>>> print(open('final_38.csv').read())   # CSV, C-alpha atoms
chain,number,residue,atom,x,y,z
A,6,MET,CA,-5.6,-17.3,-42.2
A,7,LYS,CA,-8.8,-16.0,-43.8
A,8,ASN,CA,-10.1,-19.5,-44.3
A,9,MET,CA,-9.8,-20.2,-40.6
A,10,PHE,CA,-12.6,-17.9,-39.4
A,11,ARG,CA,-15.3,-20.4,-40.3
A,12,SER,CA,-13.5,-23.1,-38.3
A,13,LEU,CA,-13.1,-20.8,-35.3
A,14,GLU,CA,-16.8,-19.9,-35.4
A,15,VAL,CA,-17.8,-23.6,-35.4
A,16,ALA,CA,-15.3,-24.3,-32.6
A,17,GLU,CA,-16.8,-21.4,-30.5
A,18,ASN,CA,-20.3,-22.7,-31.0
A,19,ARG,CA,-19.7,-26.3,-30.3
A,20,PHE,CA,-16.8,-26.5,-27.8
A,21,ALA,CA,-16.7,-23.2,-25.8
A,22,GLU,CA,-18.5,-24.8,-22.8
A,23,LEU,CA,-16.1,-27.7,-22.4
A,24,PRO,CA,-15.1,-27.7,-18.7
A,25,ASN,CA,-11.3,-27.3,-19.2
A,26,VAL,CA,-11.4,-24.9,-22.2
A,27,ILE,CA,-10.8,-21.3,-21.2
A,28,GLY,CA,-10.5,-19.8,-24.6
A,29,MET,CA,-9.7,-20.3,-28.3
A,30,GLY,CA,-8.3,-18.4,-31.3
A,31,ILE,CA,-6.4,-18.7,-34.5
A,32,GLY,CA,-2.7,-19.3,-34.6
A,33,TYR,CA,0.0,-21.8,-35.7
A,34,LYS,CA,0.1,-25.4,-34.7
A,35,LYS,CA,2.9,-26.8,-32.6
A,36,ARG,CA,4.3,-30.3,-33.3
A,37,GLY,CA,6.1,-31.5,-30.2
A,38,ARG,CA,7.8,-28.3,-28.9
A,39,GLN,CA,8.4,-26.8,-32.4
A,40,ASP,CA,6.3,-24.1,-34.0
A,41,THR,CA,5.1,-24.7,-37.5
A,42,ASP,CA,3.6,-22.5,-40.2
A,43,GLU,CA,0.4,-24.6,-40.3
A,44,PRO,CA,-2.7,-22.5,-39.4
A,45,ALA,CA,-4.8,-24.1,-36.7
A,46,VAL,CA,-7.7,-23.4,-34.3
A,47,ILE,CA,-6.0,-23.1,-31.0
A,48,PHE,CA,-7.8,-24.2,-27.8
A,49,PHE,CA,-6.4,-22.8,-24.6
A,50,VAL,CA,-7.0,-25.0,-21.6
A,51,ASP,CA,-6.3,-24.6,-17.9
A,52,LYS,CA,-4.6,-28.0,-17.8
A,53,LYS,CA,-4.1,-30.7,-20.3
A,54,VAL,CA,-5.9,-33.9,-19.5
A,55,PRO,CA,-5.1,-37.3,-21.1
A,56,VAL,CA,-7.6,-38.3,-23.7
A,57,ALA,CA,-8.3,-41.5,-21.8
A,58,ALA,CA,-9.5,-39.5,-18.8
A,59,LEU,CA,-12.1,-37.5,-20.9
A,60,GLY,CA,-15.6,-38.3,-21.8
A,61,ILE,CA,-16.2,-38.8,-25.5
A,62,ASP,CA,-18.1,-35.5,-25.7
A,63,ASP,CA,-15.2,-33.6,-24.0
A,64,ILE,CA,-12.5,-34.5,-26.5
A,65,ILE,CA,-11.4,-31.8,-28.8
A,66,PRO,CA,-11.3,-33.1,-32.4
A,67,LYS,CA,-8.1,-33.1,-34.4
A,68,ARG,CA,-9.9,-31.1,-37.2
A,69,ILE,CA,-12.8,-28.7,-37.2
A,70,ALA,CA,-14.5,-27.8,-40.5
A,71,GLY,CA,-11.5,-29.3,-42.2
A,72,LYS,CA,-8.9,-27.3,-40.3
A,73,PRO,CA,-6.4,-28.7,-37.8
A,74,THR,CA,-6.7,-27.9,-34.1
A,75,ASP,CA,-4.1,-27.6,-31.3
A,76,VAL,CA,-4.4,-27.6,-27.5
A,77,ILE,CA,-2.2,-25.3,-25.4
A,78,GLU,CA,-2.0,-25.4,-21.6
A,79,VAL,CA,-1.9,-21.9,-20.3
A,80,GLY,CA,-3.0,-22.3,-16.7
A,81,GLU,CA,-5.4,-19.9,-15.0
A,82,ILE,CA,-5.7,-16.5,-16.7
A,83,ARG,CA,-6.1,-13.6,-14.3
A,84,LEU,CA,-5.8,-9.9,-14.2
A,85,LEU,CA,-2.2,-8.7,-13.7
A,86,GLY,CA,-3.2,-7.0,-10.4
A,87,ARG,CA,-1.4,-3.9,-9.5
A,88,ILE,CA,-3.5,-2.8,-6.6
A,89,ASP,CA,-4.0,-6.1,-4.9
A,90,LYS,CA,-1.8,-7.8,-2.3
A,91,ARG,CA,1.0,-9.9,-3.9
A,92,ARG,CA,3.4,-12.2,-2.2
A,93,PRO,CA,6.0,-12.2,-3.5
A,94,ALA,CA,5.4,-8.5,-4.5
A,95,VAL,CA,7.1,-7.4,-7.7
A,96,PRO,CA,8.1,-4.0,-9.1
A,97,GLY,CA,5.1,-2.4,-10.8
A,98,VAL,CA,2.6,-2.9,-8.1
A,99,SER,CA,1.0,-0.6,-5.4
A,100,ILE,CA,3.2,0.2,-2.4
A,101,ALA,CA,3.4,3.1,0.1
A,102,HIS,CA,4.4,4.4,3.5
A,103,TYR,CA,1.6,3.8,5.9
A,104,ARG,CA,0.7,7.5,5.8
A,105,VAL,CA,0.8,7.8,2.0
A,106,THR,CA,-2.0,6.8,-0.3
A,107,ALA,CA,-0.2,4.7,-3.0
A,108,GLY,CA,2.7,4.7,-5.3
A,109,THR,CA,4.7,2.2,-7.2
A,110,PHE,CA,7.3,-0.5,-6.1
A,111,GLY,CA,10.1,0.5,-8.5
A,112,ALA,CA,12.8,-2.1,-8.3
A,113,VAL,CA,14.6,-4.6,-6.1
A,114,VAL,CA,18.1,-3.3,-5.3
A,115,LYS,CA,21.1,-4.7,-3.5
A,116,ASP,CA,22.9,-2.8,-0.8
A,117,ARG,CA,26.6,-2.3,-1.8
A,118,LYS,CA,27.9,-2.9,1.7
A,119,THR,CA,25.6,-5.6,3.1
A,120,GLU,CA,24.3,-7.1,-0.1
A,121,GLU,CA,20.8,-7.4,1.3
A,122,LEU,CA,17.9,-6.9,-1.1
A,123,LEU,CA,15.8,-3.8,-0.6
A,124,ILE,CA,12.7,-2.1,-2.1
A,125,LEU,CA,13.3,1.0,-4.2
A,126,SER,CA,10.8,3.8,-4.7
A,127,ASN,CA,10.4,7.5,-4.1
A,128,ASN,CA,10.9,9.4,-0.9
A,129,HIS,CA,7.4,10.7,-1.3
A,130,VAL,CA,6.1,7.1,-1.7
A,131,LEU,CA,8.1,5.3,1.0
A,132,ALA,CA,9.0,8.2,3.4
A,133,ASN,CA,6.0,10.6,3.1
A,134,ALA,CA,8.0,13.4,1.3
A,135,THR,CA,10.1,14.1,4.4
A,136,ASP,CA,13.0,16.5,4.7
A,137,GLY,CA,14.2,14.5,7.6
A,138,HIS,CA,13.2,17.0,10.3
A,139,ASP,CA,9.5,17.5,9.8
A,140,GLY,CA,8.2,14.3,11.6
A,141,LYS,CA,6.5,13.1,8.5
A,142,SER,CA,8.3,9.7,8.7
A,143,ARG,CA,11.1,8.0,10.6
A,144,ILE,CA,13.3,5.0,10.0
A,145,GLY,CA,11.4,1.8,10.8
A,146,ASP,CA,8.0,3.1,9.7
A,147,PRO,CA,5.8,0.4,8.1
A,148,VAL,CA,5.4,0.2,4.4
A,149,TYR,CA,2.2,-1.4,3.0
A,150,GLN,CA,1.7,-3.4,-0.1
A,151,PRO,CA,-0.7,-2.5,-1.5
A,152,GLY,CA,-0.8,1.1,-0.3
A,153,SER,CA,-3.5,2.3,2.0
A,154,TYR,CA,-5.5,3.9,-0.8
A,155,ASP,CA,-5.7,0.4,-2.4
A,156,GLY,CA,-6.9,-1.2,0.9
A,157,GLY,CA,-3.5,-1.8,2.6
A,158,THR,CA,-3.5,-2.1,6.3
A,159,ASP,CA,-1.1,-3.2,9.1
A,160,ASP,CA,-1.8,-6.7,8.0
A,161,ASP,CA,-0.3,-5.9,4.6
A,162,THR,CA,3.0,-4.6,5.9
A,163,ILE,CA,5.7,-5.8,3.5
A,164,GLY,CA,8.6,-4.0,5.1
A,165,HIS,CA,9.9,-0.9,6.9
A,166,LEU,CA,11.5,2.3,5.9
A,167,VAL,CA,15.3,1.9,6.1
A,168,ARG,CA,16.9,4.8,4.2
A,169,PHE,CA,15.9,7.9,2.3
A,170,VAL,CA,17.4,11.0,0.7
A,171,PRO,CA,15.7,14.0,2.4
A,172,PHE,CA,14.0,16.7,0.4
A,173,SER,CA,15.4,20.3,0.4
A,174,ARG,CA,12.6,22.7,0.1
A,175,TYR,CA,12.3,26.4,-0.9
A,176,ASN,CA,9.3,28.7,-1.4
A,177,ARG,CA,9.1,30.8,-4.5
A,178,ASN,CA,7.0,33.4,-2.5
A,179,VAL,CA,8.8,34.4,0.7
A,180,ASP,CA,5.9,35.5,2.8
A,181,CYS,CA,7.8,36.4,6.0
A,182,LYS,CA,9.2,40.0,5.9
A,183,LEU,CA,12.1,39.0,8.0
A,184,ALA,CA,12.9,36.1,5.8
A,185,SER,CA,12.7,38.4,2.8
A,186,ILE,CA,15.2,40.8,4.4
A,187,GLY,CA,17.4,37.8,5.1
A,188,VAL,CA,17.3,36.6,1.5
A,189,ARG,CA,18.2,40.1,0.2
A,190,ALA,CA,21.0,40.4,2.6
A,191,ALA,CA,22.4,37.0,1.8
A,192,ASN,CA,22.1,37.5,-1.9
A,193,ALA,CA,24.0,40.9,-1.5
A,194,MET,CA,26.7,39.0,0.4
A,195,ILE,CA,26.9,36.4,-2.3
A,196,LYS,CA,27.4,39.1,-5.0
A,197,THR,CA,30.0,40.9,-2.9
A,198,VAL,CA,32.1,37.8,-2.0
A,199,ARG,CA,31.6,35.8,-5.2
A,200,PRO,CA,30.3,38.2,-7.9
A,201,HIS,CA,31.1,35.7,-10.7
A,202,TYR,CA,28.6,33.2,-9.2
A,203,ASN,CA,25.0,33.5,-10.4
A,204,LEU,CA,23.4,32.2,-7.2
A,205,ARG,CA,20.4,33.0,-5.2
A,206,LEU,CA,19.5,31.9,-1.6
A,207,GLU,CA,16.1,30.5,-2.6
A,208,THR,CA,17.8,27.8,-4.6
A,209,MET,CA,21.4,27.7,-3.1
A,210,GLY,CA,21.5,24.6,-0.9
A,211,ALA,CA,17.9,23.9,-1.6
A,212,THR,CA,18.0,22.0,-4.8
A,213,ASN,CA,17.4,18.3,-5.2
A,214,LEU,CA,18.9,15.6,-7.4
A,215,VAL,CA,16.8,12.7,-6.4
A,216,ASP,CA,13.4,11.6,-4.9
A,217,CYS,CA,14.2,8.2,-3.6
A,218,ALA,CA,14.0,5.9,-0.6
A,219,LEU,CA,14.4,2.3,0.5
A,220,ALA,CA,12.4,-0.2,2.5
A,221,ARG,CA,13.7,-3.4,4.0
A,222,PRO,CA,11.3,-6.3,3.3
A,223,ALA,CA,10.1,-8.1,6.4
A,224,LYS,CA,11.3,-11.3,4.8
A,225,PRO,CA,13.5,-11.6,1.7
A,226,GLU,CA,11.0,-14.0,0.1
A,227,MET,CA,8.3,-11.4,0.2
A,228,ILE,CA,9.7,-9.6,-2.9
A,229,GLY,CA,10.8,-10.6,-6.4
A,230,PRO,CA,12.9,-8.8,-8.9
A,231,GLU,CA,11.0,-9.2,-12.2
A,232,ILE,CA,9.1,-6.0,-13.1
A,233,LEU,CA,5.4,-6.7,-14.0
A,234,GLU,CA,5.0,-6.8,-17.8
A,235,ILE,CA,8.7,-5.9,-18.3
A,236,GLY,CA,10.7,-8.7,-16.7
A,237,ARG,CA,14.2,-8.8,-15.2
A,238,VAL,CA,16.3,-5.7,-15.4
A,239,LYS,CA,19.6,-6.1,-17.2
A,240,GLY,CA,21.9,-3.6,-15.5
A,241,SER,CA,22.0,0.2,-16.1
A,242,GLY,CA,22.0,1.9,-19.5
A,243,GLU,CA,23.1,5.2,-21.0
A,244,PHE,CA,20.5,7.6,-22.5
A,245,VAL,CA,20.3,10.6,-24.7
A,246,PRO,CA,17.4,12.6,-26.2
A,247,GLY,CA,15.6,10.2,-28.5
A,248,THR,CA,16.2,7.1,-26.4
A,249,ARG,CA,13.1,4.9,-26.3
A,250,VAL,CA,12.0,4.1,-22.8
A,251,ARG,CA,9.1,2.4,-20.9
A,252,LYS,CA,7.8,1.9,-17.4
A,253,SER,CA,5.4,-0.3,-15.5
A,254,GLY,CA,3.4,1.7,-13.0
A,255,ARG,CA,0.7,1.1,-10.5
A,256,THR,CA,-1.9,3.3,-12.2
A,257,SER,CA,-1.2,3.5,-16.0
A,258,GLY,CA,0.5,0.1,-16.3
A,259,LEU,CA,3.0,-0.4,-19.1
A,260,THR,CA,3.6,2.6,-21.2
A,261,THR,CA,6.4,3.5,-23.7
A,262,GLY,CA,7.8,6.8,-24.9
A,263,THR,CA,10.9,8.8,-25.8
A,264,ILE,CA,13.3,10.9,-23.8
A,265,LYS,CA,12.9,14.6,-24.9
A,266,ALA,CA,15.5,16.4,-22.7
A,267,VAL,CA,18.3,15.8,-20.2
A,268,LYS,CA,20.1,18.0,-17.7
A,269,VAL,CA,16.6,19.4,-16.9
A,270,SER,CA,16.1,21.9,-14.0
A,271,LEU,CA,12.5,22.5,-12.9
A,272,ASN,CA,10.3,23.3,-10.0
A,273,VAL,CA,7.9,20.6,-8.8
A,274,ASN,CA,4.7,21.4,-7.0
A,275,MET,CA,4.3,18.9,-4.1
A,276,GLY,CA,0.6,19.4,-4.1
A,277,HIS,CA,0.3,21.6,-1.0
A,278,GLY,CA,0.0,25.2,-2.0
A,279,ASN,CA,3.4,26.8,-2.1
A,280,ASP,CA,5.2,23.5,-1.3
A,281,VAL,CA,7.6,23.7,-4.2
A,282,VAL,CA,10.7,21.6,-4.6
A,283,ARG,CA,13.5,22.4,-7.0
A,284,PHE,CA,15.3,19.7,-9.0
A,285,ASN,CA,18.4,19.8,-11.1
A,286,GLU,CA,20.0,17.2,-13.5
A,287,GLN,CA,16.6,15.5,-14.3
A,288,VAL,CA,15.3,13.8,-17.4
A,289,MET,CA,12.1,14.7,-19.3
A,290,ALA,CA,10.3,12.0,-21.3
A,291,GLU,CA,7.2,12.0,-23.5
A,292,LEU,CA,5.9,9.1,-21.6
A,293,LYS,CA,2.4,8.6,-20.1
A,294,SER,CA,2.2,8.4,-16.4
A,295,LEU,CA,-0.5,9.2,-13.8
A,296,PRO,CA,-0.8,9.8,-10.1
A,297,GLY,CA,0.2,6.5,-8.4
A,298,ASP,CA,2.9,5.7,-10.9
A,299,SER,CA,5.5,7.5,-8.8
A,300,GLY,CA,8.4,5.3,-8.0
A,301,SER,CA,8.3,3.3,-11.3
A,302,LEU,CA,11.6,2.2,-12.8
A,303,ILE,CA,12.3,3.6,-16.2
A,304,VAL,CA,14.1,1.1,-18.6
A,305,ASP,CA,15.3,1.3,-22.1
A,306,GLU,CA,14.3,-1.1,-24.9
A,307,ASP,CA,17.0,-3.6,-23.7
A,308,ASN,CA,15.5,-3.6,-20.2
A,309,ARG,CA,18.5,-1.6,-18.8
A,310,ALA,CA,17.5,0.7,-16.0
A,311,VAL,CA,17.8,4.4,-16.8
A,312,GLY,CA,15.8,6.3,-14.2
A,313,LEU,CA,13.3,6.5,-11.3
A,314,LEU,CA,10.0,8.2,-12.2
A,315,PHE,CA,8.9,10.8,-9.6
A,316,ALA,CA,6.8,13.5,-11.3
A,317,GLY,CA,5.0,14.5,-14.5
A,318,SER,CA,2.2,16.4,-16.2
A,319,ASN,CA,-0.6,15.2,-18.4
A,320,GLU,CA,1.8,14.6,-21.3
A,321,TYR,CA,5.3,14.3,-19.9
A,322,THR,CA,7.2,12.3,-17.2
A,323,VAL,CA,10.2,13.4,-15.2
A,324,PHE,CA,12.7,11.0,-13.7
A,325,ASN,CA,15.9,10.9,-11.8
A,326,PRO,CA,18.9,9.3,-13.6
A,327,ILE,CA,19.2,5.8,-12.0
A,328,GLN,CA,22.9,6.1,-11.4
A,329,THR,CA,22.4,9.2,-9.3
A,330,VAL,CA,19.7,7.4,-7.3
A,331,CYS,CA,21.9,4.4,-6.8
A,332,ASP,CA,24.9,6.4,-5.7
A,333,HIS,CA,22.9,8.5,-3.2
A,334,LEU,CA,21.4,5.3,-1.7
A,335,GLY,CA,24.5,3.1,-2.0
A,336,VAL,CA,22.7,0.4,-3.9
A,337,ASP,CA,22.6,-1.3,-7.3
A,338,VAL,CA,19.6,-2.5,-9.3
A,339,VAL,CA,19.4,-6.3,-9.5
>>> encode(input="final_38.csv", output="structure tokens")
Amino acid sequence: MKNMFRSLEVAENRFAELPNVIGMGIGYKKRGRQDTDEPAVIFFVDKKVPVAALGIDDIIPKRIAGKPTDVIEVGEIRLLGRIDKRRPAVPGVSIAHYRVTAGTFGAVVKDRKTEELLILSNNHVLANATDGHDGKSRIGDPVYQPGSYDGGTDDDTIGHLVRFVPFSRYNRNVDCKLASIGVRAANAMIKTVRPHYNLRLETMGATNLVDCALARPAKPEMIGPEILEIGRVKGSGEFVPGTRVRKSGRTSGLTTGTIKAVKVSLNVNMGHGNDVVRFNEQVMAELKSLPGDSGSLIVDEDNRAVGLLFAGSNEYTVFNPIQTVCDHLGVDVV
């Protein structure tokens, strides 16, 4: 390959401005549809044109500086937009409830009863982090693609909220004196009635297993199942500490990492003072993610779904096991 650099330099100087050439590089020549081990200067074109239709100055020579050439049609090369409007929209791009800034379209899932295809993401992405009684969202609310932070408006409505698992909240600091008395009394009763249970009211009945919601697309053809930069999901997979995983998110794109812990219990700050939500049975991964990646599907190296990303710090990502998500919502990943 070293001897190819001079030929590439000549090609860039003489042929870069040809109207149909969008790029060039060094690779291996194809003959017919078969790859060979013959090094060549590769010309990438938007569309191949018959030699008879080209002017003599627009024809790429068969050899440049003694080295063979090859021409590959690649079409228009464009940014893999994650914050722009896409139809059909695919997992990995920006999406959100109309009152939420932006999150990630996680996956296309199939309802186990109706078999309709639905959009999967987090409650805090598609349902505005609702507990079901706070008025933050309601069934039928519009969902934008892209999210409003990325310019989404009513004209970008891709679907409507159809189902969610409500959040159960608790506050680590009970400010109200009456509430504090109630907590102590209830905990005393717990110890009296069931002394062998190590429970406390702040967490009893107020823990969460999932952060998930579904939107029904306005039209089935408005969504597609292949995850941006990952491809089609191949069912669900098992995982243990050490399993290699990856995700495709609205903000940080495609990242890879390793599961560090399972059966994780932790408190998650929802970003509003003492608004803390307790989660059990979670998975912690050393996997880069940033705000806006919430809702991303986590897959293993074989593209099997393992989880739904919902939280993280600067170095770690937390996700719900995908089977728990699917069972709570009554769906399967397609």
>>> atom_distance(input="final_38.csv", atom1="atom CA of A:Asn325", atom2="atom CA of A:Tyr154")
25.1 Å
>>> closest_residue(input="final_38.csv", among="A:Glu14, A:Glu286, A:Asp42, A:Glu22", to="A:Phe324", atoms="only C-alpha atoms")
A:Glu286
>>> atom_distance(input="final_38.csv", atom1="atom CA of A:Asp305", atom2="atom CA of A:Ala266")
15.1 Å
>>> closest_residue(input="final_38.csv", among="A:Val304, A:Ala310, A:Leu219, A:Ile61", to="A:Leu125", atoms="only C-alpha atoms")
A:Leu219
>>> closest_residue(input="final_38.csv", among="A:Ile77, A:Leu295, A:Ser142, A:Asp89", to="A:Val105", atoms="only C-alpha atoms")
A:Ser142
>>> closest_residue(input="final_38.csv", among="A:Glu231, A:Cys217, A:His165, A:Ile144", to="A:Pro93", atoms="all atoms listed in the file")
A:Glu231
>>> atom_distance(input="final_38.csv", atom1="atom CA of A:Arg91", atom2="atom CA of A:Ile228")
8.8 Å
>>> residues_around(input="final_38.csv", residues="stretch 166-176 of chain A", least_positions_apart="4", cutoff="7 Å", atoms="only C-alpha atoms", output="list of chain:residue names")
A:Asn128, A:Leu131, A:Ala132, A:Ala134, A:Thr135, A:Asp136, A:Gly137, A:Ile144, A:Gly145, A:Asp146, A:Pro147, A:Val148, A:Glu207, A:Thr208, A:Ala211, A:Thr212, A:Asn213, A:Asp216, A:Cys217, A:Ala218, A:Leu219, A:Ala220, A:Arg221, A:Asn279, A:Asp280, A:Val281, A:Val282
>>> closest_residue(input="final_38.csv", among="A:Val76, A:Ala316, A:Leu259, A:Ala45", to="A:Phe284", atoms="all atoms listed in the file")
A:Ala316
>>> closest_residue(input="final_38.csv", among="A:Ser301, A:Asn8, A:Ser318, A:Gln328", to="A:Gly242", atoms="all atoms listed in the file")
A:Gln328
>>> residues_around(input="final_38.csv", residues="stretch 245-250 of chain A", least_positions_apart="6", cutoff="10 Å", atoms="all atoms listed in the file", output="ChimeraX atom specification")
/A:260-267,288-292,303-312
>>> residues_near_point(input="final_38.csv", point="(20.5, 1.6, -3.4)", cutoff="10 Å", atoms="only C-alpha atoms", output="MDAnalysis selection string")
chainID A and resid 112:117 122:125 168:169 217:219 327:338
>>> residues_around(input="final_38.csv", residues="A:Ala16", least_positions_apart="6", cutoff="9 Å", atoms="all atoms listed in the file", output="list in words")
Met29, Val46, Phe48, Ile69 and Ala70 of chain A
>>> build_atoms(input="final_38.csv", residues="stretch 151-169 of chain A", atoms="N, CA and C atoms", output="mmCIF file, in the coordinates of the input")
data_model
loop_
_atom_site.group_PDB
_atom_site.id
_atom_site.type_symbol
_atom_site.label_atom_id
_atom_site.label_comp_id
_atom_site.auth_asym_id
_atom_site.auth_seq_id
_atom_site.Cartn_x
_atom_site.Cartn_y
_atom_site.Cartn_z
ATOM 1 N N PRO A 151 -0.642 -3.748 -0.734
ATOM 2 C CA PRO A 151 -0.700 -2.500 -1.500
ATOM 3 C C PRO A 151 -0.775 -1.281 -0.539
ATOM 4 N N GLY A 152 -0.675 -0.063 -1.127
ATOM 5 C CA GLY A 152 -0.800 1.100 -0.300
ATOM 6 C C GLY A 152 -2.156 1.287 0.281
ATOM 7 N N SER A 153 -2.276 2.179 1.259
ATOM 8 C CA SER A 153 -3.500 2.300 2.000
ATOM 9 C C SER A 153 -4.706 2.697 1.106
ATOM 10 N N TYR A 154 -4.467 3.489 0.071
ATOM 11 C CA TYR A 154 -5.500 3.900 -0.800
ATOM 12 C C TYR A 154 -6.127 2.645 -1.537
ATOM 13 N N ASP A 155 -5.314 1.633 -1.714
ATOM 14 C CA ASP A 155 -5.700 0.400 -2.400
ATOM 15 C C ASP A 155 -6.164 -0.678 -1.391
ATOM 16 N N GLY A 156 -6.381 -0.263 -0.149
ATOM 17 C CA GLY A 156 -6.900 -1.200 0.900
ATOM 18 C C GLY A 156 -5.837 -1.733 1.803
ATOM 19 N N GLY A 157 -4.588 -1.299 1.688
ATOM 20 C CA GLY A 157 -3.500 -1.800 2.600
ATOM 21 C C GLY A 157 -3.712 -1.391 4.006
ATOM 22 N N THR A 158 -3.408 -2.313 4.907
ATOM 23 C CA THR A 158 -3.500 -2.100 6.300
ATOM 24 C C THR A 158 -2.239 -2.643 7.003
ATOM 25 N N ASP A 159 -2.218 -2.613 8.340
ATOM 26 C CA ASP A 159 -1.100 -3.200 9.100
ATOM 27 C C ASP A 159 -0.835 -4.633 8.669
ATOM 28 N N ASP A 160 -1.922 -5.335 8.346
ATOM 29 C CA ASP A 160 -1.800 -6.700 8.000
ATOM 30 C C ASP A 160 -1.060 -6.913 6.630
ATOM 31 N N ASP A 161 -0.932 -5.810 5.881
ATOM 32 C CA ASP A 161 -0.300 -5.900 4.600
ATOM 33 C C ASP A 161 1.111 -5.240 4.595
ATOM 34 N N THR A 162 1.680 -5.104 5.795
ATOM 35 C CA THR A 162 3.000 -4.600 5.900
ATOM 36 C C THR A 162 4.022 -5.501 5.223
ATOM 37 N N ILE A 163 4.706 -4.972 4.240
ATOM 38 C CA ILE A 163 5.700 -5.800 3.500
ATOM 39 C C ILE A 163 7.106 -5.504 3.961
ATOM 40 N N GLY A 164 7.300 -4.353 4.622
ATOM 41 C CA GLY A 164 8.600 -4.000 5.100
ATOM 42 C C GLY A 164 8.609 -2.715 5.866
ATOM 43 N N HIS A 165 9.802 -2.160 6.069
ATOM 44 C CA HIS A 165 9.900 -0.900 6.900
ATOM 45 C C HIS A 165 10.942 0.009 6.246
ATOM 46 N N LEU A 166 10.658 1.289 6.402
ATOM 47 C CA LEU A 166 11.500 2.300 5.900
ATOM 48 C C LEU A 166 12.928 2.173 6.478
ATOM 49 N N VAL A 167 13.944 2.116 5.607
ATOM 50 C CA VAL A 167 15.300 1.900 6.100
ATOM 51 C C VAL A 167 16.247 3.025 5.713
ATOM 52 N N ARG A 168 15.961 3.743 4.618
ATOM 53 C CA ARG A 168 16.900 4.800 4.200
ATOM 54 C C ARG A 168 16.144 5.709 3.207
ATOM 55 N N PHE A 169 16.469 6.999 3.232
ATOM 56 C CA PHE A 169 15.900 7.900 2.300
ATOM 57 C C PHE A 169 16.825 9.106 2.078
#
